[in-house]
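Source file coords_26.pdb; content: PDB, N, CA and C atoms and all ligand atoms.
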```pdb
ATOM      1  N   MET A 998      18.780   2.949   1.613  1.00  0.00           N
ATOM      2  CA  MET A 998      17.524   2.591   2.286  1.00  0.00           C
ATOM      3  C   MET A 998      16.493   2.135   1.270  1.00  0.00           C
ATOM      4  N   ALA A 999      15.838   1.027   1.589  1.00  0.00           N
ATOM      5  CA  ALA A 999      14.852   0.481   0.657  1.00  0.00           C
ATOM      6  C   ALA A 999      13.611   1.361   0.613  1.00  0.00           C
ATOM      7  N   PRO A1000      13.153   1.665  -0.583  1.00  0.00           N
ATOM      8  CA  PRO A1000      11.948   2.480  -0.657  1.00  0.00           C
ATOM      9  C   PRO A1000      10.719   1.737  -0.160  1.00  0.00           C
ATOM     10  N   THR A1001       9.768   2.493   0.298  1.00  0.00           N
ATOM     11  CA  THR A1001       8.492   1.930   0.723  1.00  0.00           C
ATOM     12  C   THR A1001       7.514   2.041  -0.443  1.00  0.00           C
ATOM     13  N   LEU A1002       6.827   0.943  -0.707  1.00  0.00           N
ATOM     14  CA  LEU A1002       5.879   0.941  -1.807  1.00  0.00           C
ATOM     15  C   LEU A1002       4.455   1.050  -1.284  1.00  0.00           C
ATOM     16  N   ILE A1003       3.633   1.684  -2.092  1.00  0.00           N
ATOM     17  CA  ILE A1003       2.207   1.677  -1.804  1.00  0.00           C
ATOM     18  C   ILE A1003       1.574   0.731  -2.818  1.00  0.00           C
ATOM     19  N   VAL A1004       0.954  -0.318  -2.328  1.00  0.00           N
ATOM     20  CA  VAL A1004       0.366  -1.322  -3.202  1.00  0.00           C
ATOM     21  C   VAL A1004      -1.136  -1.407  -2.953  1.00  0.00           C
ATOM     22  N   LYS A1005      -1.811  -1.952  -3.954  1.00  0.00           N
ATOM     23  CA  LYS A1005      -3.254  -2.067  -3.902  1.00  0.00           C
ATOM     24  C   LYS A1005      -3.612  -3.530  -3.679  1.00  0.00           C
ATOM     25  N   CYS A1006      -4.469  -3.794  -2.728  1.00  0.00           N
ATOM     26  CA  CYS A1006      -4.895  -5.160  -2.445  1.00  0.00           C
ATOM     27  C   CYS A1006      -5.546  -5.778  -3.675  1.00  0.00           C
ATOM     28  N   THR A1007      -5.159  -7.030  -3.976  1.00  0.00           N
ATOM     29  CA  THR A1007      -5.706  -7.701  -5.165  1.00  0.00           C
ATOM     30  C   THR A1007      -7.170  -8.081  -4.960  1.00  0.00           C
ATOM     31  N   LYS A1008      -7.603  -8.130  -3.722  1.00  0.00           N
ATOM     32  CA  LYS A1008      -8.980  -8.533  -3.456  1.00  0.00           C
ATOM     33  C   LYS A1008      -9.928  -7.357  -3.258  1.00  0.00           C
ATOM     34  N   CYS A1009      -9.603  -6.465  -2.316  1.00  0.00           N
ATOM     35  CA  CYS A1009     -10.541  -5.387  -1.992  1.00  0.00           C
ATOM     36  C   CYS A1009     -10.142  -4.035  -2.562  1.00  0.00           C
ATOM     37  N   GLY A1010      -8.909  -3.918  -3.090  1.00  0.00           N
ATOM     38  CA  GLY A1010      -8.496  -2.652  -3.682  1.00  0.00           C
ATOM     39  C   GLY A1010      -8.030  -1.618  -2.670  1.00  0.00           C
ATOM     40  N   GLY A1011      -7.897  -2.029  -1.416  1.00  0.00           N
ATOM     41  CA  GLY A1011      -7.426  -1.102  -0.383  1.00  0.00           C
ATOM     42  C   GLY A1011      -5.936  -0.835  -0.535  1.00  0.00           C
ATOM     43  N   TYR A1012      -5.507   0.352  -0.154  1.00  0.00           N
ATOM     44  CA  TYR A1012      -4.097   0.703  -0.237  1.00  0.00           C
ATOM     45  C   TYR A1012      -3.371   0.310   1.037  1.00  0.00           C
ATOM     46  N   MET A1013      -2.139  -0.168   0.875  1.00  0.00           N
ATOM     47  CA  MET A1013      -1.317  -0.474   2.046  1.00  0.00           C
ATOM     48  C   MET A1013       0.157  -0.255   1.723  1.00  0.00           C
ATOM     49  N   LEU A1014       0.947  -0.179   2.771  1.00  0.00           N
ATOM     50  CA  LEU A1014       2.385   0.038   2.607  1.00  0.00           C
ATOM     51  C   LEU A1014       3.127  -1.282   2.655  1.00  0.00           C
ATOM     52  N   SER A1015       4.204  -1.386   1.882  1.00  0.00           N
ATOM     53  CA  SER A1015       5.044  -2.575   1.986  1.00  0.00           C
ATOM     54  C   SER A1015       6.495  -2.192   1.723  1.00  0.00           C
ATOM     55  N   ALA A1016       7.399  -2.959   2.306  1.00  0.00           N
ATOM     56  CA  ALA A1016       8.812  -2.760   2.009  1.00  0.00           C
ATOM     57  C   ALA A1016       9.088  -3.327   0.614  1.00  0.00           C
ATOM     58  N   LYS A1017      10.130  -2.814  -0.038  1.00  0.00           N
ATOM     59  CA  LYS A1017      10.435  -3.204  -1.410  1.00  0.00           C
ATOM     60  C   LYS A1017      10.736  -4.701  -1.536  1.00  0.00           C
ATOM     61  N   ASP A1018      11.414  -5.257  -0.526  1.00  0.00           N
ATOM     62  CA  ASP A1018      11.807  -6.666  -0.631  1.00  0.00           C
ATOM     63  C   ASP A1018      10.782  -7.623  -0.014  1.00  0.00           C
ATOM     64  N   GLN A1019       9.662  -7.091   0.392  1.00  0.00           N
ATOM     65  CA  GLN A1019       8.624  -7.934   0.983  1.00  0.00           C
ATOM     66  C   GLN A1019       7.874  -8.689  -0.114  1.00  0.00           C
ATOM     67  N   LYS A1020       7.535  -9.952   0.146  1.00  0.00           N
ATOM     68  CA  LYS A1020       6.884 -10.762  -0.886  1.00  0.00           C
ATOM     69  C   LYS A1020       5.373 -10.853  -0.705  1.00  0.00           C
ATOM     70  N   THR A1021       4.965 -10.949   0.538  1.00  0.00           N
ATOM     71  CA  THR A1021       3.531 -11.007   0.803  1.00  0.00           C
ATOM     72  C   THR A1021       3.196 -10.063   1.949  1.00  0.00           C
ATOM     73  N   LYS A1022       1.934  -9.722   2.025  1.00  0.00           N
ATOM     74  CA  LYS A1022       1.496  -8.821   3.087  1.00  0.00           C
ATOM     75  C   LYS A1022       0.023  -9.095   3.366  1.00  0.00           C
ATOM     76  N   ILE A1023      -0.337  -9.079   4.643  1.00  0.00           N
ATOM     77  CA  ILE A1023      -1.743  -9.256   4.999  1.00  0.00           C
ATOM     78  C   ILE A1023      -2.456  -7.908   4.841  1.00  0.00           C
ATOM     79  N   CYS A1024      -3.504  -7.906   4.053  1.00  0.00           N
ATOM     80  CA  CYS A1024      -4.266  -6.680   3.856  1.00  0.00           C
ATOM     81  C   CYS A1024      -4.932  -6.264   5.171  1.00  0.00           C
ATOM     82  N   PRO A1025      -4.746  -4.999   5.595  1.00  0.00           N
ATOM     83  CA  PRO A1025      -5.362  -4.554   6.850  1.00  0.00           C
ATOM     84  C   PRO A1025      -6.873  -4.404   6.757  1.00  0.00           C
ATOM     85  N   TYR A1026      -7.414  -4.403   5.553  1.00  0.00           N
ATOM     86  CA  TYR A1026      -8.846  -4.189   5.380  1.00  0.00           C
ATOM     87  C   TYR A1026      -9.628  -5.490   5.283  1.00  0.00           C
ATOM     88  N   CYS A1027      -9.125  -6.447   4.482  1.00  0.00           N
ATOM     89  CA  CYS A1027      -9.900  -7.671   4.273  1.00  0.00           C
ATOM     90  C   CYS A1027      -9.184  -8.922   4.774  1.00  0.00           C
ATOM     91  N   GLY A1028      -7.936  -8.804   5.244  1.00  0.00           N
ATOM     92  CA  GLY A1028      -7.236  -9.940   5.816  1.00  0.00           C
ATOM     93  C   GLY A1028      -6.630 -10.909   4.813  1.00  0.00           C
ATOM     94  N   THR A1029      -6.697 -10.571   3.527  1.00  0.00           N
ATOM     95  CA  THR A1029      -6.118 -11.428   2.498  1.00  0.00           C
ATOM     96  C   THR A1029      -4.594 -11.375   2.528  1.00  0.00           C
ATOM     97  N   ASN A1030      -3.961 -12.526   2.340  1.00  0.00           N
ATOM     98  CA  ASN A1030      -2.518 -12.553   2.199  1.00  0.00           C
ATOM     99  C   ASN A1030      -2.192 -12.184   0.753  1.00  0.00           C
ATOM    100  N   VAL A1031      -1.786 -10.942   0.534  1.00  0.00           N
ATOM    101  CA  VAL A1031      -1.605 -10.412  -0.813  1.00  0.00           C
ATOM    102  C   VAL A1031      -0.205 -10.726  -1.332  1.00  0.00           C
ATOM    103  N   ASN A1032      -0.142 -11.299  -2.530  1.00  0.00           N
ATOM    104  CA  ASN A1032       1.134 -11.511  -3.212  1.00  0.00           C
ATOM    105  C   ASN A1032       1.563 -10.177  -3.812  1.00  0.00           C
ATOM    106  N   LEU A1033       2.625  -9.597  -3.291  1.00  0.00           N
ATOM    107  CA  LEU A1033       3.016  -8.244  -3.692  1.00  0.00           C
ATOM    108  C   LEU A1033       3.599  -8.176  -5.104  1.00  0.00           C
ATOM    109  N   HIS A1034       3.931  -9.330  -5.665  1.00  0.00           N
ATOM    110  CA  HIS A1034       4.387  -9.328  -7.057  1.00  0.00           C
ATOM    111  C   HIS A1034       3.207  -9.218  -8.015  1.00  0.00           C
ATOM    112  N   LYS A1035       2.044  -9.663  -7.545  1.00  0.00           N
ATOM    113  CA  LYS A1035       0.850  -9.578  -8.389  1.00  0.00           C
ATOM    114  C   LYS A1035       0.078  -8.292  -8.147  1.00  0.00           C
ATOM    115  N   ALA A1036       0.228  -7.731  -6.957  1.00  0.00           N
ATOM    116  CA  ALA A1036      -0.523  -6.529  -6.606  1.00  0.00           C
ATOM    117  C   ALA A1036      -0.023  -5.329  -7.400  1.00  0.00           C
ATOM    118  N   GLN A1037      -0.927  -4.413  -7.661  1.00  0.00           N
ATOM    119  CA  GLN A1037      -0.566  -3.199  -8.384  1.00  0.00           C
ATOM    120  C   GLN A1037       0.201  -2.246  -7.469  1.00  0.00           C
ATOM    121  N   ARG A1038       1.353  -1.769  -7.948  1.00  0.00           N
ATOM    122  CA  ARG A1038       2.116  -0.788  -7.185  1.00  0.00           C
ATOM    123  C   ARG A1038       1.646   0.604  -7.573  1.00  0.00           C
ATOM    124  N   VAL A1039       1.062   1.276  -6.624  1.00  0.00           N
ATOM    125  CA  VAL A1039       0.483   2.590  -6.901  1.00  0.00           C
ATOM    126  C   VAL A1039       1.553   3.674  -6.900  1.00  0.00           C
ATOM    127  N   ALA A1040       2.474   3.577  -5.933  1.00  0.00           N
ATOM    128  CA  ALA A1040       3.505   4.601  -5.806  1.00  0.00           C
ATOM    129  C   ALA A1040       4.665   4.057  -4.985  1.00  0.00           C
ATOM    130  N   ALA A1041       5.778   4.761  -5.025  1.00  0.00           N
ATOM    131  CA  ALA A1041       6.927   4.404  -4.196  1.00  0.00           C
ATOM    132  C   ALA A1041       7.441   5.644  -3.501  1.00  0.00           C
ATOM    133  N   ALA A1042       7.848   5.472  -2.266  1.00  0.00           N
ATOM    134  CA  ALA A1042       8.367   6.601  -1.495  1.00  0.00           C
ATOM    135  C   ALA A1042       9.713   6.214  -0.898  1.00  0.00           C
ATOM    136  N   ASN A1043      10.544   7.205  -0.635  1.00  0.00           N
ATOM    137  CA  ASN A1043      11.880   6.940  -0.099  1.00  0.00           C
ATOM    138  C   ASN A1043      11.894   6.687   1.399  1.00  0.00           C
ATOM    139  N   THR A1044      10.890   7.196   2.075  1.00  0.00           N
ATOM    140  CA  THR A1044      10.833   7.001   3.515  1.00  0.00           C
ATOM    141  C   THR A1044       9.435   6.537   3.916  1.00  0.00           C
ATOM    142  N   ALA A1045       9.360   5.901   5.066  1.00  0.00           N
ATOM    143  CA  ALA A1045       8.065   5.440   5.558  1.00  0.00           C
ATOM    144  C   ALA A1045       7.137   6.626   5.824  1.00  0.00           C
ATOM    145  N   PHE A1046       7.734   7.738   6.261  1.00  0.00           N
ATOM    146  CA  PHE A1046       6.921   8.928   6.523  1.00  0.00           C
ATOM    147  C   PHE A1046       6.284   9.444   5.240  1.00  0.00           C
ATOM    148  N   GLU A1047       7.100   9.554   4.198  1.00  0.00           N
ATOM    149  CA  GLU A1047       6.616  10.015   2.900  1.00  0.00           C
ATOM    150  C   GLU A1047       5.505   9.089   2.394  1.00  0.00           C
ATOM    151  N   ALA A1048       5.731   7.802   2.572  1.00  0.00           N
ATOM    152  CA  ALA A1048       4.753   6.817   2.114  1.00  0.00           C
ATOM    153  C   ALA A1048       3.424   6.976   2.837  1.00  0.00           C
ATOM    154  N   SER A1049       3.474   7.203   4.153  1.00  0.00           N
ATOM    155  CA  SER A1049       2.222   7.328   4.890  1.00  0.00           C
ATOM    156  C   SER A1049       1.492   8.604   4.513  1.00  0.00           C
ATOM    157  N   GLU A1050       2.253   9.650   4.165  1.00  0.00           N
ATOM    158  CA  GLU A1050       1.628  10.877   3.680  1.00  0.00           C
ATOM    159  C   GLU A1050       0.926  10.650   2.343  1.00  0.00           C
ATOM    160  N   MET A1051       1.586   9.911   1.451  1.00  0.00           N
ATOM    161  CA  MET A1051       1.000   9.602   0.141  1.00  0.00           C
ATOM    162  C   MET A1051      -0.244   8.743   0.300  1.00  0.00           C
ATOM    163  N   LEU A1052      -0.143   7.799   1.224  1.00  0.00           N
ATOM    164  CA  LEU A1052      -1.251   6.896   1.479  1.00  0.00           C
ATOM    165  C   LEU A1052      -2.468   7.678   1.976  1.00  0.00           C
ATOM    166  N   ARG A1053      -2.205   8.619   2.870  1.00  0.00           N
ATOM    167  CA  ARG A1053      -3.288   9.424   3.412  1.00  0.00           C
ATOM    168  C   ARG A1053      -3.957  10.250   2.313  1.00  0.00           C
ATOM    169  N   LYS A1054      -3.141  10.755   1.396  1.00  0.00           N
ATOM    170  CA  LYS A1054      -3.669  11.547   0.291  1.00  0.00           C
ATOM    171  C   LYS A1054      -4.528  10.672  -0.635  1.00  0.00           C
ATOM    172  N   LEU A1055      -4.029   9.486  -0.939  1.00  0.00           N
ATOM    173  CA  LEU A1055      -4.778   8.558  -1.790  1.00  0.00           C
ATOM    174  C   LEU A1055      -6.122   8.215  -1.175  1.00  0.00           C
ATOM    175  N   LYS A1056      -6.107   7.969   0.120  1.00  0.00           N
ATOM    176  CA  LYS A1056      -7.340   7.619   0.816  1.00  0.00           C
ATOM    177  C   LYS A1056      -8.330   8.769   0.816  1.00  0.00           C
ATOM    178  N   SER A1057      -7.832   9.991   1.005  1.00  0.00           N
ATOM    179  CA  SER A1057      -8.748  11.126   1.042  1.00  0.00           C
ATOM    180  C   SER A1057      -9.329  11.394  -0.347  1.00  0.00           C
ATOM    181  N   GLU A1058      -8.540  11.103  -1.383  1.00  0.00           N
ATOM    182  CA  GLU A1058      -9.039  11.266  -2.747  1.00  0.00           C
ATOM    183  C   GLU A1058     -10.164  10.275  -3.041  1.00  0.00           C
ATOM    184  N   ARG A1059     -10.064   9.120  -2.449  1.00  0.00           N
ATOM    185  CA  ARG A1059     -11.085   8.096  -2.649  1.00  0.00           C
ATOM    186  C   ARG A1059     -12.246   8.255  -1.691  1.00  0.00           C
ATOM    187  N   GLY A1060     -12.123   9.164  -0.751  1.00  0.00           N
ATOM    188  CA  GLY A1060     -13.144   9.317   0.260  1.00  0.00           C
ATOM    189  C   GLY A1060     -13.178   8.114   1.186  1.00  0.00           C
ATOM    190  N   PHE A1061     -11.994   7.611   1.467  1.00  0.00           N
ATOM    191  CA  PHE A1061     -11.841   6.380   2.209  1.00  0.00           C
ATOM    192  C   PHE A1061     -11.584   6.717   3.656  1.00  0.00           C
ATOM    193  N   ASN A1062     -12.580   6.665   4.498  1.00  0.00           N
ATOM    194  CA  ASN A1062     -12.400   7.098   5.879  1.00  0.00           C
ATOM    195  C   ASN A1062     -12.191   5.936   6.840  1.00  0.00           C
ATOM    196  N   ARG A1063     -10.974   5.446   6.889  1.00  0.00           N
ATOM    197  CA  ARG A1063     -10.658   4.383   7.835  1.00  0.00           C
ATOM    198  C   ARG A1063      -9.506   4.806   8.705  1.00  0.00           C
TER     199      ARG A1063
HETATM  200 ZN    ZN B   1      -7.860  -6.249   0.930  1.00  0.00          ZN
END
```
Output the file's structure as structure tokens, nothing else.
Amino acid sequence: MAPTLIVKCTKCGGYMLSAKDQKTKICPYCGTNVNLHKAQRVAAANTAFEASEMLRKLKSERGFNR
């Protein structure tokens, strides 16, 4: 199973989830089509559930209430 990555938007710095083989992704916060090869990979998780848990933790650490 392909791991799920947590990447940081190159424009607004928001965190989002992406599949490992995905090349681009629309940022849910600013709508930018993010090139996932250029975006910073914050973390990787083995399952989508694990990834969403990590994402939630990252957001709470930043005080990001969305
Ligand atoms: Zn963004």
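Using only C-alpha atoms and all ligand atoms for every distance, the candidate list A:Cys1024, A:Leu1033, A:Ala999, A:Ala1040 yields A:Cys1024 as the residue closest to ligand ZN 1 (chain B).
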Given 7 Å and all atoms listed in the file, residues near ligand ZN 1 (chain B) as number ranges by chain: A: 1005-1011, 1023-1029
I'd like to know which residues of chain A are strand (DSSP E or B) (by DSSP, run on the backbone); could you write them as a ChimeraX atom specification? /A:1001-1005,1012-1016,1021-1023,1030-1032,1037-1042
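For the pair CA of Met1051 (chain A) and CA of Lys1020 (chain A), the interatomic distance is 21.2 Å.
If you look at CA of Glu1047 (chain A) and CA of Asn1030 (chain A), they are 24.4 Å away from each other.
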Provide region 1046-1060 of chain A of the preceding structure as a file containing all heavy atoms, as a PDB file, in the first residue's frame.
```pdb
ATOM      1  N   PHE A1046      -5.681   6.933   7.603  1.00  0.00           N
ATOM      2  CA  PHE A1046      -6.124   7.265   8.959  1.00  0.00           C
ATOM      3  C   PHE A1046      -4.981   7.853   9.775  1.00  0.00           C
ATOM      4  O   PHE A1046      -5.108   8.906  10.406  1.00  0.00           O
ATOM      5  CB  PHE A1046      -6.679   6.013   9.653  1.00  0.00           C
ATOM      6  CG  PHE A1046      -7.062   6.266  11.080  1.00  0.00           C
ATOM      7  CD1 PHE A1046      -8.234   6.950  11.382  1.00  0.00           C
ATOM      8  CD2 PHE A1046      -6.246   5.843  12.116  1.00  0.00           C
ATOM      9  CE1 PHE A1046      -8.584   7.205  12.704  1.00  0.00           C
ATOM     10  CE2 PHE A1046      -6.594   6.083  13.445  1.00  0.00           C
ATOM     11  CZ  PHE A1046      -7.756   6.766  13.738  1.00  0.00           C
ATOM     12  N   GLU A1047      -3.833   7.188   9.718  1.00  0.00           N
ATOM     13  CA  GLU A1047      -2.650   7.654  10.434  1.00  0.00           C
ATOM     14  C   GLU A1047      -2.274   9.065   9.968  1.00  0.00           C
ATOM     15  O   GLU A1047      -1.935   9.929  10.765  1.00  0.00           O
ATOM     16  CB  GLU A1047      -1.499   6.683  10.151  1.00  0.00           C
ATOM     17  CG  GLU A1047      -0.387   6.690  11.177  1.00  0.00           C
ATOM     18  CD  GLU A1047       0.727   5.733  10.797  1.00  0.00           C
ATOM     19  OE1 GLU A1047       0.419   4.554  10.473  1.00  0.00           O
ATOM     20  OE2 GLU A1047       1.871   6.155  10.786  1.00  0.00           O
ATOM     21  N   ALA A1048      -2.351   9.258   8.665  1.00  0.00           N
ATOM     22  CA  ALA A1048      -2.000  10.558   8.096  1.00  0.00           C
ATOM     23  C   ALA A1048      -2.925  11.654   8.601  1.00  0.00           C
ATOM     24  O   ALA A1048      -2.478  12.750   8.935  1.00  0.00           O
ATOM     25  CB  ALA A1048      -2.057  10.491   6.575  1.00  0.00           C
ATOM     26  N   SER A1049      -4.227  11.362   8.671  1.00  0.00           N
ATOM     27  CA  SER A1049      -5.153  12.396   9.118  1.00  0.00           C
ATOM     28  C   SER A1049      -4.957  12.705  10.591  1.00  0.00           C
ATOM     29  O   SER A1049      -5.124  13.839  11.029  1.00  0.00           O
ATOM     30  CB  SER A1049      -6.605  12.015   8.811  1.00  0.00           C
ATOM     31  OG  SER A1049      -6.984  10.877   9.534  1.00  0.00           O
ATOM     32  N   GLU A1050      -4.549  11.691  11.366  1.00  0.00           N
ATOM     33  CA  GLU A1050      -4.227  11.930  12.771  1.00  0.00           C
ATOM     34  C   GLU A1050      -3.004  12.833  12.913  1.00  0.00           C
ATOM     35  O   GLU A1050      -2.977  13.748  13.724  1.00  0.00           O
ATOM     36  CB  GLU A1050      -3.947  10.592  13.487  1.00  0.00           C
ATOM     37  CG  GLU A1050      -5.180   9.754  13.729  1.00  0.00           C
ATOM     38  CD  GLU A1050      -6.124  10.386  14.731  1.00  0.00           C
ATOM     39  OE1 GLU A1050      -5.720  10.588  15.879  1.00  0.00           O
ATOM     40  OE2 GLU A1050      -7.271  10.694  14.347  1.00  0.00           O
ATOM     41  N   MET A1051      -1.986  12.577  12.091  1.00  0.00           N
ATOM     42  CA  MET A1051      -0.767  13.395  12.117  1.00  0.00           C
ATOM     43  C   MET A1051      -1.073  14.822  11.690  1.00  0.00           C
ATOM     44  O   MET A1051      -0.566  15.785  12.264  1.00  0.00           O
ATOM     45  CB  MET A1051       0.282  12.792  11.169  1.00  0.00           C
ATOM     46  CG  MET A1051       0.900  11.515  11.691  1.00  0.00           C
ATOM     47  SD  MET A1051       1.750  10.638  10.381  1.00  0.00           S
ATOM     48  CE  MET A1051       3.424  11.077  10.727  1.00  0.00           C
ATOM     49  N   LEU A1052      -1.921  14.922  10.678  1.00  0.00           N
ATOM     50  CA  LEU A1052      -2.298  16.224  10.158  1.00  0.00           C
ATOM     51  C   LEU A1052      -3.014  17.038  11.237  1.00  0.00           C
ATOM     52  O   LEU A1052      -2.751  18.214  11.426  1.00  0.00           O
ATOM     53  CB  LEU A1052      -3.207  16.025   8.940  1.00  0.00           C
ATOM     54  CG  LEU A1052      -3.518  17.239   8.097  1.00  0.00           C
ATOM     55  CD1 LEU A1052      -2.251  17.804   7.470  1.00  0.00           C
ATOM     56  CD2 LEU A1052      -4.494  16.865   6.991  1.00  0.00           C
ATOM     57  N   ARG A1053      -3.903  16.366  11.952  1.00  0.00           N
ATOM     58  CA  ARG A1053      -4.645  17.041  13.005  1.00  0.00           C
ATOM     59  C   ARG A1053      -3.704  17.534  14.105  1.00  0.00           C
ATOM     60  O   ARG A1053      -3.854  18.618  14.636  1.00  0.00           O
ATOM     61  CB  ARG A1053      -5.676  16.067  13.596  1.00  0.00           C
ATOM     62  CG  ARG A1053      -6.847  16.765  14.240  1.00  0.00           C
ATOM     63  CD  ARG A1053      -7.928  15.808  14.579  1.00  0.00           C
ATOM     64  NE  ARG A1053      -7.447  14.748  15.471  1.00  0.00           N
ATOM     65  CZ  ARG A1053      -8.235  13.867  16.053  1.00  0.00           C
ATOM     66  NH1 ARG A1053      -9.519  13.896  15.820  1.00  0.00           N
ATOM     67  NH2 ARG A1053      -7.749  12.950  16.844  1.00  0.00           N
ATOM     68  N   LYS A1054      -2.699  16.721  14.409  1.00  0.00           N
ATOM     69  CA  LYS A1054      -1.729  17.095  15.432  1.00  0.00           C
ATOM     70  C   LYS A1054      -0.903  18.307  14.974  1.00  0.00           C
ATOM     71  O   LYS A1054      -0.692  19.250  15.734  1.00  0.00           O
ATOM     72  CB  LYS A1054      -0.807  15.907  15.706  1.00  0.00           C
ATOM     73  CG  LYS A1054      -0.021  16.041  16.978  1.00  0.00           C
ATOM     74  CD  LYS A1054       0.566  14.699  17.383  1.00  0.00           C
ATOM     75  CE  LYS A1054       1.542  14.890  18.532  1.00  0.00           C
ATOM     76  NZ  LYS A1054       2.950  14.825  18.132  1.00  0.00           N
ATOM     77  N   LEU A1055      -0.467  18.272  13.726  1.00  0.00           N
ATOM     78  CA  LEU A1055       0.304  19.390  13.175  1.00  0.00           C
ATOM     79  C   LEU A1055      -0.492  20.680  13.223  1.00  0.00           C
ATOM     80  O   LEU A1055       0.014  21.733  13.574  1.00  0.00           O
ATOM     81  CB  LEU A1055       0.694  19.096  11.717  1.00  0.00           C
ATOM     82  CG  LEU A1055       1.833  18.114  11.503  1.00  0.00           C
ATOM     83  CD1 LEU A1055       1.866  17.676  10.048  1.00  0.00           C
ATOM     84  CD2 LEU A1055       3.156  18.733  11.881  1.00  0.00           C
ATOM     85  N   LYS A1056      -1.755  20.581  12.860  1.00  0.00           N
ATOM     86  CA  LYS A1056      -2.614  21.760  12.858  1.00  0.00           C
ATOM     87  C   LYS A1056      -2.823  22.304  14.259  1.00  0.00           C
ATOM     88  O   LYS A1056      -2.823  23.504  14.455  1.00  0.00           O
ATOM     89  CB  LYS A1056      -3.970  21.430  12.225  1.00  0.00           C
ATOM     90  CG  LYS A1056      -3.898  21.325  10.723  1.00  0.00           C
ATOM     91  CD  LYS A1056      -5.271  21.010  10.169  1.00  0.00           C
ATOM     92  CE  LYS A1056      -5.221  20.801   8.664  1.00  0.00           C
ATOM     93  NZ  LYS A1056      -6.511  20.392   8.130  1.00  0.00           N
ATOM     94  N   SER A1057      -2.994  21.410  15.232  1.00  0.00           N
ATOM     95  CA  SER A1057      -3.229  21.885  16.592  1.00  0.00           C
ATOM     96  C   SER A1057      -1.960  22.517  17.166  1.00  0.00           C
ATOM     97  O   SER A1057      -2.019  23.467  17.916  1.00  0.00           O
ATOM     98  CB  SER A1057      -3.739  20.753  17.477  1.00  0.00           C
ATOM     99  OG  SER A1057      -2.728  19.784  17.691  1.00  0.00           O
ATOM    100  N   GLU A1058      -0.801  22.009  16.740  1.00  0.00           N
ATOM    101  CA  GLU A1058       0.459  22.597  17.187  1.00  0.00           C
ATOM    102  C   GLU A1058       0.627  24.015  16.642  1.00  0.00           C
ATOM    103  O   GLU A1058       1.212  24.876  17.275  1.00  0.00           O
ATOM    104  CB  GLU A1058       1.648  21.745  16.728  1.00  0.00           C
ATOM    105  CG  GLU A1058       1.878  20.546  17.640  1.00  0.00           C
ATOM    106  CD  GLU A1058       2.862  19.549  17.072  1.00  0.00           C
ATOM    107  OE1 GLU A1058       3.438  19.819  15.999  1.00  0.00           O
ATOM    108  OE2 GLU A1058       3.038  18.498  17.685  1.00  0.00           O
ATOM    109  N   ARG A1059       0.115  24.228  15.464  1.00  0.00           N
ATOM    110  CA  ARG A1059       0.208  25.547  14.847  1.00  0.00           C
ATOM    111  C   ARG A1059      -0.924  26.457  15.276  1.00  0.00           C
ATOM    112  O   ARG A1059      -0.963  27.611  14.893  1.00  0.00           O
ATOM    113  CB  ARG A1059       0.149  25.405  13.322  1.00  0.00           C
ATOM    114  CG  ARG A1059       1.515  25.190  12.704  1.00  0.00           C
ATOM    115  CD  ARG A1059       1.394  24.994  11.202  1.00  0.00           C
ATOM    116  NE  ARG A1059       0.579  26.055  10.594  1.00  0.00           N
ATOM    117  CZ  ARG A1059       0.847  26.628   9.432  1.00  0.00           C
ATOM    118  NH1 ARG A1059       1.890  26.245   8.753  1.00  0.00           N
ATOM    119  NH2 ARG A1059       0.069  27.540   8.930  1.00  0.00           N
ATOM    120  N   GLY A1060      -1.878  25.920  16.001  1.00  0.00           N
ATOM    121  CA  GLY A1060      -3.040  26.693  16.374  1.00  0.00           C
ATOM    122  C   GLY A1060      -3.899  27.005  15.162  1.00  0.00           C
ATOM    123  O   GLY A1060      -4.447  28.092  15.018  1.00  0.00           O
TER     124      GLY A1060
END
```
